[in-house]
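Text of the file start-v5.pdb, holding PDB, C-alpha atoms and all ligand atoms:
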```pdb
ATOM      1  CA  ALA A  11       0.000   0.000   0.000
ATOM      2  CA  PRO A  12       1.278   3.466  -0.699
ATOM      3  CA  GLU A  13       2.490   5.364   2.330
ATOM      4  CA  PHE A  14       0.291   8.266   3.349
ATOM      5  CA  TYR A  15       2.076  11.539   3.574
ATOM      6  CA  LEU A  16       0.871  14.161   5.912
ATOM      7  CA  PRO A  17      -0.305  17.079   3.792
ATOM      8  CA  LEU A  18       2.307  19.410   5.120
ATOM      9  CA  ARG A  19       4.918  20.309   2.613
ATOM     10  CA  ASN A  20       2.417  20.951  -0.086
ATOM     11  CA  LEU A  21       0.357  23.449   1.814
ATOM     12  CA  GLY A  22       2.745  26.277   1.211
ATOM     13  CA  THR A  23       4.167  26.632  -2.215
ATOM     14  CA  HIS A  24       5.948  29.766  -1.108
ATOM     15  CA  TYR A  25       9.640  29.609  -1.255
ATOM     16  CA  HIS A  26      11.338  30.641   1.911
ATOM     17  CA  GLY A  27      14.945  31.477   1.672
ATOM     18  CA  ARG A  28      16.833  30.027   4.530
ATOM     19  CA  MET A  29      19.444  32.079   6.205
ATOM     20  CA  GLU A  30      22.765  31.617   4.505
ATOM     21  CA  ALA A  31      24.260  30.243   7.659
ATOM     22  CA  ILE A  32      21.675  27.536   7.930
ATOM     23  CA  ALA A  33      21.987  26.595   4.303
ATOM     24  CA  ALA A  34      25.723  26.435   4.660
ATOM     25  CA  ALA A  35      25.384  24.399   7.797
ATOM     26  CA  GLU A  36      23.061  21.958   6.156
ATOM     27  CA  ARG A  37      25.524  21.500   3.362
ATOM     28  CA  LEU A  38      28.387  20.983   5.730
ATOM     29  CA  VAL A  39      26.845  19.079   8.445
ATOM     30  CA  GLY A  40      25.186  15.916   7.320
ATOM     31  CA  VAL A  41      25.807  14.233  10.624
ATOM     32  CA  PHE A  42      28.079  16.395  11.331
ATOM     33  CA  GLU A  43      30.970  18.597  11.522
ATOM     34  CA  THR A  44      30.655  22.282  11.407
ATOM     35  CA  GLU A  45      32.322  25.490  12.409
ATOM     36  CA  LEU A  46      29.138  27.393  12.807
ATOM     37  CA  PRO A  47      28.243  30.219  15.040
ATOM     38  CA  SER A  48      30.578  29.877  17.924
ATOM     39  CA  ARG A  49      29.739  31.684  21.096
ATOM     40  CA  ALA A  50      31.369  34.725  22.539
ATOM     41  CA  GLU A  51      31.593  33.571  26.135
ATOM     42  CA  PRO A  52      33.694  30.629  27.146
ATOM     43  CA  ALA A  53      31.451  27.671  27.753
ATOM     44  CA  THR A  54      31.635  24.702  30.002
ATOM     45  CA  GLY A  55      31.944  21.246  28.532
ATOM     46  CA  PHE A  56      28.815  19.225  28.190
ATOM     47  CA  ALA A  57      28.880  16.283  30.532
ATOM     48  CA  PRO A  58      27.156  13.479  28.694
ATOM     49  CA  ASP A  59      26.331  11.503  31.801
ATOM     50  CA  GLY A  60      22.937  12.940  32.626
ATOM     51  CA  ALA A  61      19.633  11.501  31.555
ATOM     52  CA  MET A  62      19.426  13.944  28.604
ATOM     53  CA  ARG A  63      16.044  15.423  29.314
ATOM     54  CA  VAL A  64      15.743  18.245  26.807
ATOM     55  CA  ARG A  65      13.311  21.009  27.570
ATOM     56  CA  PHE A  66      12.080  23.961  25.528
ATOM     57  CA  GLU A  67      10.912  26.610  27.965
ATOM     58  CA  GLY A  68       8.841  29.368  26.383
ATOM     59  CA  VAL A  69      11.138  29.641  23.396
ATOM     60  CA  HIS A  70      10.719  32.532  20.984
ATOM     61  CA  PHE A  71      12.642  32.991  17.798
ATOM     62  CA  SER A  72      12.184  35.195  14.715
ATOM     63  CA  TYR A  73      14.231  35.213  11.574
ATOM     64  CA  GLU A  74      12.746  38.605  10.715
ATOM     65  CA  SER A  75      11.652  41.027  13.366
ATOM     66  CA  GLY A  76       7.938  41.037  14.023
ATOM     67  CA  ARG A  77       7.357  37.604  12.482
ATOM     68  CA  PRO A  78       7.953  34.967  15.106
ATOM     69  CA  ALA A  79       8.852  31.557  13.732
ATOM     70  CA  LEU A  80       8.509  30.162  17.267
ATOM     71  CA  ASP A  81       6.227  31.951  19.643
ATOM     72  CA  GLY A  82       6.646  30.606  23.132
ATOM     73  CA  ALA A  83       7.193  26.912  22.495
ATOM     74  CA  SER A  84       7.389  24.688  25.574
ATOM     75  CA  PHE A  85       7.811  20.946  25.554
ATOM     76  CA  VAL A  86      10.032  18.184  26.863
ATOM     77  CA  ILE A  87      11.892  15.425  25.116
ATOM     78  CA  GLU A  88      12.075  12.751  27.772
ATOM     79  CA  PRO A  89      15.087  10.425  27.601
ATOM     80  CA  GLY A  90      14.450   7.626  25.112
ATOM     81  CA  GLN A  91      11.229   9.134  23.820
ATOM     82  CA  ARG A  92      10.293   9.395  20.192
ATOM     83  CA  ILE A  93       8.628  12.727  19.541
ATOM     84  CA  ALA A  94       6.902  13.519  16.263
ATOM     85  CA  LEU A  95       6.536  17.132  15.253
ATOM     86  CA  VAL A  96       3.718  17.788  12.810
ATOM     87  CA  GLY A  97       2.184  20.911  11.402
ATOM     88  CA  PRO A  98       1.694  22.839   8.196
ATOM     89  CA  SER A  99       4.457  24.308   6.129
ATOM     90  CA  GLY A 100       6.004  27.304   7.864
ATOM     91  CA  ALA A 101       4.680  26.265  11.288
ATOM     92  CA  GLY A 102       8.138  26.245  12.868
ATOM     93  CA  LYS A 103       9.217  22.604  12.679
ATOM     94  CA  SER A 104      12.635  23.258  11.164
ATOM     95  CA  THR A 105      13.125  26.119  13.575
ATOM     96  CA  VAL A 106      12.800  23.651  16.460
ATOM     97  CA  ALA A 107      15.471  21.488  14.824
ATOM     98  CA  ASN A 108      17.698  24.511  14.135
ATOM     99  CA  LEU A 109      17.532  25.483  17.797
ATOM    100  CA  LEU A 110      18.390  21.984  18.973
ATOM    101  CA  LEU A 111      21.299  21.868  16.583
ATOM    102  CA  GLY A 112      22.537  25.209  17.861
ATOM    103  CA  PHE A 113      22.335  26.982  14.494
ATOM    104  CA  ILE A 114      20.202  29.630  16.148
ATOM    105  CA  GLU A 115      19.539  30.566  19.759
ATOM    106  CA  PRO A 116      16.312  31.489  21.538
ATOM    107  CA  GLU A 117      15.535  35.183  21.724
ATOM    108  CA  LYS A 118      13.338  34.603  24.721
ATOM    109  CA  GLY A 119      12.958  31.526  26.853
ATOM    110  CA  ARG A 120      15.587  28.817  26.902
ATOM    111  CA  LEU A 121      16.547  25.284  26.057
ATOM    112  CA  THR A 122      17.752  23.163  28.899
ATOM    113  CA  VAL A 123      19.407  19.791  29.074
ATOM    114  CA  ASP A 124      18.966  18.068  32.419
ATOM    115  CA  GLY A 125      18.035  21.418  33.859
ATOM    116  CA  GLN A 126      21.080  23.280  32.559
ATOM    117  CA  ASP A 127      20.795  26.057  30.021
ATOM    118  CA  LEU A 128      22.119  24.865  26.674
ATOM    119  CA  ALA A 129      23.660  28.300  26.159
ATOM    120  CA  ALA A 130      26.178  27.475  28.887
ATOM    121  CA  PHE A 131      27.574  24.433  27.100
ATOM    122  CA  ASP A 132      30.245  24.218  24.514
ATOM    123  CA  ILE A 133      28.284  23.822  21.309
ATOM    124  CA  GLU A 134      30.645  21.262  19.816
ATOM    125  CA  ASP A 135      30.380  19.098  22.924
ATOM    126  CA  TRP A 136      26.635  19.348  22.700
ATOM    127  CA  ARG A 137      26.565  18.469  19.030
ATOM    128  CA  ARG A 138      28.525  15.331  19.714
ATOM    129  CA  GLN A 139      25.418  14.073  21.507
ATOM    130  CA  LEU A 140      23.331  14.598  18.388
ATOM    131  CA  ALA A 141      22.840  12.933  15.070
ATOM    132  CA  TRP A 142      21.094  14.938  12.440
ATOM    133  CA  LEU A 143      19.426  13.221   9.541
ATOM    134  CA  PRO A 144      18.238  15.805   7.043
ATOM    135  CA  GLN A 145      15.767  14.936   4.298
ATOM    136  CA  GLN A 146      18.488  14.711   1.753
ATOM    137  CA  PRO A 147      21.737  13.826   3.409
ATOM    138  CA  ARG A 148      24.781  14.793   1.433
ATOM    139  CA  LEU A 149      27.898  12.853   0.835
ATOM    140  CA  PHE A 150      31.241  14.417   0.216
ATOM    141  CA  GLN A 151      34.030  13.520  -2.154
ATOM    142  CA  GLY A 152      35.803  10.560  -0.621
ATOM    143  CA  THR A 153      35.312   6.885   0.000
ATOM    144  CA  ILE A 154      32.236   5.312   1.504
ATOM    145  CA  ALA A 155      34.235   4.687   4.683
ATOM    146  CA  ASP A 156      35.305   8.363   4.840
ATOM    147  CA  ASN A 157      31.693   9.335   4.518
ATOM    148  CA  ILE A 158      30.610   7.077   7.352
ATOM    149  CA  ARG A 159      33.506   8.327   9.500
ATOM    150  CA  LEU A 160      32.460  11.930   9.062
ATOM    151  CA  GLY A 161      33.263  13.713  12.275
ATOM    152  CA  LEU A 162      34.979  10.671  13.783
ATOM    153  CA  PRO A 163      38.182  10.298  11.777
ATOM    154  CA  ASP A 164      39.688   7.888  14.289
ATOM    155  CA  ALA A 165      36.964   5.273  14.079
ATOM    156  CA  THR A 166      38.369   1.848  13.209
ATOM    157  CA  ASP A 167      37.403  -0.109  10.088
ATOM    158  CA  GLU A 168      35.561  -2.573  12.315
ATOM    159  CA  ALA A 169      33.525   0.186  13.877
ATOM    160  CA  VAL A 170      32.680   1.601  10.450
ATOM    161  CA  GLN A 171      31.576  -1.801   9.214
ATOM    162  CA  ARG A 172      29.555  -2.485  12.313
ATOM    163  CA  ALA A 173      27.775   0.839  11.884
ATOM    164  CA  ALA A 174      27.107   0.012   8.235
ATOM    165  CA  ARG A 175      25.608  -3.331   9.209
ATOM    166  CA  ARG A 176      23.339  -1.721  11.758
ATOM    167  CA  ALA A 177      22.232   0.798   9.143
ATOM    168  CA  HIS A 178      21.470  -2.022   6.693
ATOM    169  CA  ALA A 179      24.030  -0.517   4.370
ATOM    170  CA  ALA A 180      26.712  -3.213   4.543
ATOM    171  CA  GLU A 181      25.111  -5.432   1.954
ATOM    172  CA  PHE A 182      25.063  -2.942  -0.867
ATOM    173  CA  ILE A 183      28.444  -1.516   0.107
ATOM    174  CA  GLU A 184      30.052  -4.946  -0.052
ATOM    175  CA  GLN A 185      28.748  -5.389  -3.562
ATOM    176  CA  LEU A 186      30.401  -2.214  -4.825
ATOM    177  CA  PRO A 187      33.724  -2.565  -6.567
ATOM    178  CA  ARG A 188      36.208  -1.659  -3.782
ATOM    179  CA  ALA A 189      33.407  -1.830  -1.210
ATOM    180  CA  TYR A 190      34.182   0.559   1.670
ATOM    181  CA  ASP A 191      36.955   2.108  -0.397
ATOM    182  CA  ALA A 192      34.614   2.909  -3.266
ATOM    183  CA  PRO A 193      34.838   6.591  -4.112
ATOM    184  CA  VAL A 194      31.686   8.655  -4.032
ATOM    185  CA  GLY A 195      31.111  12.214  -5.133
ATOM    186  CA  GLU A 196      29.091  14.915  -3.470
ATOM    187  CA  ARG A 197      25.946  13.673  -5.051
ATOM    188  CA  GLY A 198      26.728  10.105  -4.225
ATOM    189  CA  VAL A 199      27.065   9.242  -7.880
ATOM    190  CA  GLY A 200      25.824   5.771  -8.588
ATOM    191  CA  LEU A 201      23.973   5.481  -5.288
ATOM    192  CA  SER A 202      20.232   5.581  -4.864
ATOM    193  CA  GLY A 203      18.492   7.945  -2.482
ATOM    194  CA  GLY A 204      17.866   5.084  -0.090
ATOM    195  CA  GLN A 205      21.503   4.037  -0.165
ATOM    196  CA  ILE A 206      22.640   7.568   0.620
ATOM    197  CA  GLN A 207      20.204   7.646   3.515
ATOM    198  CA  ARG A 208      21.591   4.417   4.857
ATOM    199  CA  ILE A 209      25.111   5.823   4.695
ATOM    200  CA  ALA A 210      23.868   8.793   6.702
ATOM    201  CA  LEU A 211      22.280   6.344   9.135
ATOM    202  CA  ALA A 212      25.584   4.503   9.442
ATOM    203  CA  ARG A 213      27.144   7.835  10.459
ATOM    204  CA  ALA A 214      24.526   8.202  13.140
ATOM    205  CA  PHE A 215      25.153   4.664  14.465
ATOM    206  CA  LEU A 216      28.885   5.244  14.487
ATOM    207  CA  ARG A 217      28.509   8.489  16.415
ATOM    208  CA  ASP A 218      26.339   6.728  18.930
ATOM    209  CA  ALA A 219      24.435   9.950  19.388
ATOM    210  CA  ARG A 220      21.953  10.169  22.233
ATOM    211  CA  LEU A 221      19.465  12.424  20.490
ATOM    212  CA  VAL A 222      18.562  11.868  16.876
ATOM    213  CA  ILE A 223      16.955  14.707  14.943
ATOM    214  CA  LEU A 224      15.306  13.447  11.827
ATOM    215  CA  ASP A 225      13.664  15.382   9.032
ATOM    216  CA  GLU A 226      11.719  12.572   7.500
ATOM    217  CA  ALA A 227      12.022  12.212   3.743
ATOM    218  CA  THR A 228       8.935  13.089   1.750
ATOM    219  CA  ALA A 229      10.241  11.756  -1.526
ATOM    220  CA  SER A 230       9.553   8.092  -1.990
ATOM    221  CA  LEU A 231      12.414   5.704  -2.155
ATOM    222  CA  ASP A 232      12.205   2.422  -3.936
ATOM    223  CA  PRO A 233      10.174   0.089  -1.712
ATOM    224  CA  ALA A 234      13.043  -2.225  -0.838
ATOM    225  CA  SER A 235      15.219   0.674   0.258
ATOM    226  CA  GLU A 236      12.324   2.260   2.063
ATOM    227  CA  ALA A 237      11.825  -0.801   4.221
ATOM    228  CA  LEU A 238      15.520  -1.011   5.072
ATOM    229  CA  VAL A 239      15.745   2.676   5.933
ATOM    230  CA  GLN A 240      12.724   2.312   8.182
ATOM    231  CA  LYS A 241      14.188  -0.717   9.893
ATOM    232  CA  ALA A 242      17.463   1.072  10.496
ATOM    233  CA  LEU A 243      15.640   4.120  11.843
ATOM    234  CA  ASP A 244      13.669   1.976  14.262
ATOM    235  CA  GLU A 245      16.869   0.404  15.481
ATOM    236  CA  LEU A 246      18.531   3.800  15.790
ATOM    237  CA  ALA A 247      15.626   5.119  17.830
ATOM    238  CA  ARG A 248      15.920   2.271  20.306
ATOM    239  CA  ASP A 249      17.675   3.510  23.469
ATOM    240  CA  ARG A 250      17.907   7.011  22.080
ATOM    241  CA  SER A 251      15.760  10.074  22.127
ATOM    242  CA  MET A 252      14.440  11.096  18.763
ATOM    243  CA  LEU A 253      12.721  14.176  17.439
ATOM    244  CA  VAL A 254      11.182  13.552  14.044
ATOM    245  CA  ILE A 255       9.815  16.216  11.746
ATOM    246  CA  ALA A 256       7.210  13.774  10.561
ATOM    247  CA  HIS A 257       5.572  13.513   7.187
ATOM    248  CA  ARG A 258       4.178  10.023   7.357
ATOM    249  CA  LEU A 259       1.173   8.896   9.239
ATOM    250  CA  SER A 260       2.890   5.668  10.264
ATOM    251  CA  THR A 261       5.740   7.599  11.924
ATOM    252  CA  VAL A 262       3.320   9.768  13.804
ATOM    253  CA  ARG A 263       1.199   6.867  15.001
ATOM    254  CA  ASP A 264       4.242   5.104  16.413
ATOM    255  CA  ALA A 265       5.582   8.157  18.243
ATOM    256  CA  ASP A 266       5.552   8.254  22.031
ATOM    257  CA  ARG A 267       4.263  11.772  21.767
ATOM    258  CA  ILE A 268       3.040  13.981  18.982
ATOM    259  CA  LEU A 269       3.456  17.728  19.061
ATOM    260  CA  VAL A 270       1.162  19.624  16.736
ATOM    261  CA  ILE A 271       2.665  22.956  15.863
ATOM    262  CA  GLU A 272       1.016  25.863  14.123
ATOM    263  CA  GLN A 273       2.273  29.398  13.688
ATOM    264  CA  GLY A 274       5.116  28.812  16.074
ATOM    265  CA  ARG A 275       2.988  27.424  18.898
ATOM    266  CA  ILE A 276       2.529  23.901  20.162
ATOM    267  CA  ILE A 277      -1.232  23.640  20.017
ATOM    268  CA  GLU A 278      -1.712  19.955  20.811
ATOM    269  CA  SER A 279       0.416  17.295  22.423
ATOM    270  CA  GLY A 280      -0.231  13.658  23.169
ATOM    271  CA  THR A 281      -0.311  10.178  21.722
ATOM    272  CA  HIS A 282      -2.127   9.340  18.510
ATOM    273  CA  GLU A 283      -5.015   7.778  20.447
ATOM    274  CA  VAL A 284      -5.391  10.688  22.825
ATOM    275  CA  LEU A 285      -5.200  13.313  20.109
ATOM    276  CA  VAL A 286      -7.664  11.502  17.881
ATOM    277  CA  GLN A 287     -10.087  11.304  20.801
ATOM    278  CA  GLN A 288      -9.569  14.934  21.610
ATOM    279  CA  GLY A 289     -11.017  15.835  18.262
ATOM    280  CA  GLY A 290      -8.811  18.805  17.423
ATOM    281  CA  HIS A 291      -6.408  19.708  14.655
ATOM    282  CA  TYR A 292      -4.665  16.395  14.737
ATOM    283  CA  GLN A 293      -7.856  14.438  14.399
ATOM    284  CA  ARG A 294      -8.914  16.534  11.412
ATOM    285  CA  MET A 295      -5.549  16.003   9.799
ATOM    286  CA  VAL A 296      -5.785  12.250  10.262
ATOM    287  CA  LYS A 297      -9.348  12.208   8.974
ATOM    288  CA  LEU A 298      -8.242  13.871   5.792
ATOM    289  CA  LEU A 299      -5.871  11.025   5.225
ATOM    290  CA  GLU A 300      -8.015   8.175   6.389
ATOM    291  CA  PRO A 301     -11.697   9.005   6.317
ATOM    292  CA  ALA A 302     -12.661   5.444   7.160
ATOM    293  CA  ALA A 303     -10.257   4.654   9.958
ATOM    294  CA  SER A 304     -11.053   7.323  12.484
TER     295      SER A 304
HETATM  296  P1  LIG B   1       8.273  23.366   6.253
HETATM  297  O1  LIG B   1       7.417  22.186   6.586
HETATM  298  O2  LIG B   1       7.793  24.095   5.053
HETATM  299  O3  LIG B   1       9.723  23.078   6.235
HETATM  300  P2  LIG B   1       8.470  24.403   8.950
HETATM  301  O4  LIG B   1       7.336  24.009   9.814
HETATM  302  O5  LIG B   1       9.743  23.673   9.101
HETATM  303  O6  LIG B   1       8.020  24.441   7.436
HETATM  304  P3  LIG B   1      10.067  26.717   9.523
HETATM  305  O7  LIG B   1      11.030  26.460   8.429
HETATM  306  O8  LIG B   1      10.522  26.454  10.923
HETATM  307  O9  LIG B   1       8.698  25.950   9.251
HETATM  308  O10 LIG B   1       9.604  28.219   9.394
HETATM  309  C1  LIG B   1       8.854  28.931  10.373
HETATM  310  C2  LIG B   1       8.666  30.358   9.902
HETATM  311  O11 LIG B   1       9.913  31.009   9.790
HETATM  312  C3  LIG B   1       8.004  30.482   8.534
HETATM  313  O12 LIG B   1       7.173  31.607   8.555
HETATM  314  C4  LIG B   1       9.165  30.697   7.606
HETATM  315  O13 LIG B   1       8.771  31.409   6.463
HETATM  316  C5  LIG B   1      10.120  31.477   8.474
HETATM  317  N1  LIG B   1      11.517  31.210   8.121
HETATM  318  C6  LIG B   1      12.138  30.029   8.158
HETATM  319  N2  LIG B   1      13.431  30.154   7.828
HETATM  320  C7  LIG B   1      13.632  31.466   7.563
HETATM  321  C8  LIG B   1      14.746  32.237   7.162
HETATM  322  N3  LIG B   1      15.921  31.693   6.995
HETATM  323  N4  LIG B   1      14.571  33.561   6.981
HETATM  324  C9  LIG B   1      13.383  34.143   7.178
HETATM  325  N5  LIG B   1      12.288  33.472   7.556
HETATM  326  C10 LIG B   1      12.395  32.147   7.753
END
```
Starting from the file, give its structure as structure tokens.
Ligand code: ATP
Amino acid sequence: APEFYLPLRNLGTHYHGRMEAIAAAERLVGVFETELPSRAEPATGFAPDGAMRVRFEGVHFSYESGRPALDGASFVIEPGQRIALVGPSGAGKSTVANLLLGFIEPEKGRLTVDGQDLAAFDIEDWRRQLAWLPQQPRLFQGTIADNIRLGLPDATDEAVQRAARRAHAAEFIEQLPRAYDAPVGERGVGLSGGQIQRIALARAFLRDARLVILDEATASLDPASEALVQKALDELARDRSMLVIAHRLSTVRDADRILVIEQGRIIESGTHEVLVQQGGHYQRMVKLLEPAAS
């Protein structure tokens, strides 16, 4: 059966130019390595031994003055939880991700990790706890192994191969001439979209990140790849916290908690069952997709 896509992307056909910095970061980062906005004040190292409870506390952010992209967003990502963020185009979903990734900082309110203001941490230390899976991960010129090692140049061949196996990428890699030493270009020449995604997933496994931020792909992959990517994502989410900018009904249904965002505000929050019963925005959205089922 064809996967249902939440009618999000298509609502706004307007083009919104991202800030140069964010665009540049997205190009650079994949999962990830960046020299982006460093902070003025010296920061303390992030101690990765806490539970990793991430909290947005009344966060405001505007790219342009007078037009808030986030307008007092408050929510918690409990350790190990899978949170799905849904809402129409322009609602503020990417802004939430950009804040978590430290590309931008709250203008009002704050982000805390285990009760500590994120602004106090060294951003690079913080980012080492994260894996970011954009919709269209990019590869860089190098071998497959280099691409999986991104950000962790010292990882051993065994570790790279183990990560590839967990990402369900090992099989296709081993069939390439030169396997892990196969050269790939920026566009991952010769690789399918699903294969590139699995390489990005292998990066995330290798990093052993504690919080995964996923912008779910809207473009369909071939069905075989799709199933493998999904399997790898499920495995990645196990024992980790995950925030998914969700575009598929199946992802949303499976989430521990769904946050419905509109015009920069979290307007509903709960599980699929609870939100459907509540009969609000979420229920209407689901009804549009599945008139018979709810
Ligand atoms: P989509 O599903 O279309 O990606 P979204 O929910 O991720 O949308 P955001 O990208 O977070 O929404 O955008 C929230 C608001 O901020 C929108 O009004 C958008 O036009 C605006 N915005 C986003 N990025 C920028 C930017 N770089 N410069 C100016 N305005 C921006």
* To do: Please write the residues picked by the PyMOL selection byres (((chain A and resi 291) around 12) and not hetatm) on this file as a PyMOL selection string.
  => chain A and resi 96-98+268-272+276-279+282+285-290+292-298
* Go through the shown structure with the PyMOL selection byres (((chain A and resi 232-240) around 9) and not hetatm) and write out the matching residues as a list in words. => Ala177, His178, Ala179, Ser202, Gly203, Gly204, Gln205, Gln207, Arg208, Leu211, Ser230, Leu231, Lys241, Ala242, Leu243, Asp244 and Glu245 of chain A
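The space between CA of Ser260 in chain A and CA of Glu300 in chain A spans 11.8 Å.
Here atom C6 of ligand LIG 1 (chain B) stands at a distance of 23.6 Å from CA of Thr261 in chain A.
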* Decode the PyMOL selection byres (((chain A and resi 93) around 8) and not hetatm) for the given file into explicit residues and return them as a PyMOL selection string. => chain A and resi 87+91-92+94-95+252-254+265-269
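Taking CA of Arg250 in chain A and CA of Arg120 in chain A as endpoints, the distance between them is 22.5 Å.
Comparing the minimum interatomic distances between ligand LIG 1 (chain B) and each of A:Glu181, A:Glu283, A:Asp81, A:Glu67, counting all atoms listed in the file, we find that A:Asp81 sits nearest.
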* Asked: Which residue, A:Met62, A:Ile114, A:Leu80, A:Val284, has the smallest gap to ligand LIG 1 (chain B) when you use only C-alpha atoms and all ligand atoms?
  -> A:Leu80
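For the residues A:Thr228, A:Thr166, A:Gln146, A:Ser104, ranking by smallest atom-to-atom distance to ligand LIG 1 (chain B) using all atoms listed in the file places A:Ser104 first.
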* So, counting all atoms listed in the file, which residue among A:Leu259, A:Leu121, A:Leu111, A:Ala155 is closest to Asp135 in chain A? -> A:Leu111
Kindly provide, as JSON, the centre and edge lengths (Å, one decimal) of an axis-aligned box around all atoms of range 168-174 of chain A given in the file, with 3 Å on each side.
```
{"center_x": 31.3, "center_y": -0.5, "center_z": 11.1, "size_x": 14.5, "size_y": 10.2, "size_z": 11.6}
```
* Nearest candidate to Gly82 in chain A (options A:Ser251, A:Ala61, A:Lys118, A:Arg172; using all atoms listed in the file) -> A:Lys118
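Comparing A:Gly100, A:Gly280, A:Gly195, A:Gly76 by their smallest distance to ligand LIG 1 (chain B), the closest is A:Gly100 (using all atoms listed in the file).
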Residue neighbourhood Asp124 in chain A, 10 Å, all atoms listed in the file, exclusion window fewer than 3 positions, as a short mmCIF file (atom, residue, chain, number, x, y, z; two decimals) with C-alpha atoms, in the coordinates of the input:
```cif
data_model
loop_
_atom_site.label_atom_id
_atom_site.label_comp_id
_atom_site.auth_asym_id
_atom_site.auth_seq_id
_atom_site.Cartn_x
_atom_site.Cartn_y
_atom_site.Cartn_z
CA ASP A 59 26.33 11.50 31.80
CA GLY A 60 22.94 12.94 32.63
CA ALA A 61 19.63 11.50 31.56
CA MET A 62 19.43 13.94 28.60
CA ARG A 63 16.04 15.42 29.31
CA VAL A 64 15.74 18.24 26.81
CA ARG A 65 13.31 21.01 27.57
CA GLU A 88 12.08 12.75 27.77
CA PRO A 89 15.09 10.42 27.60
CA LEU A 121 16.55 25.28 26.06
CA ASP A 127 20.80 26.06 30.02
CA LEU A 128 22.12 24.86 26.67
#
```
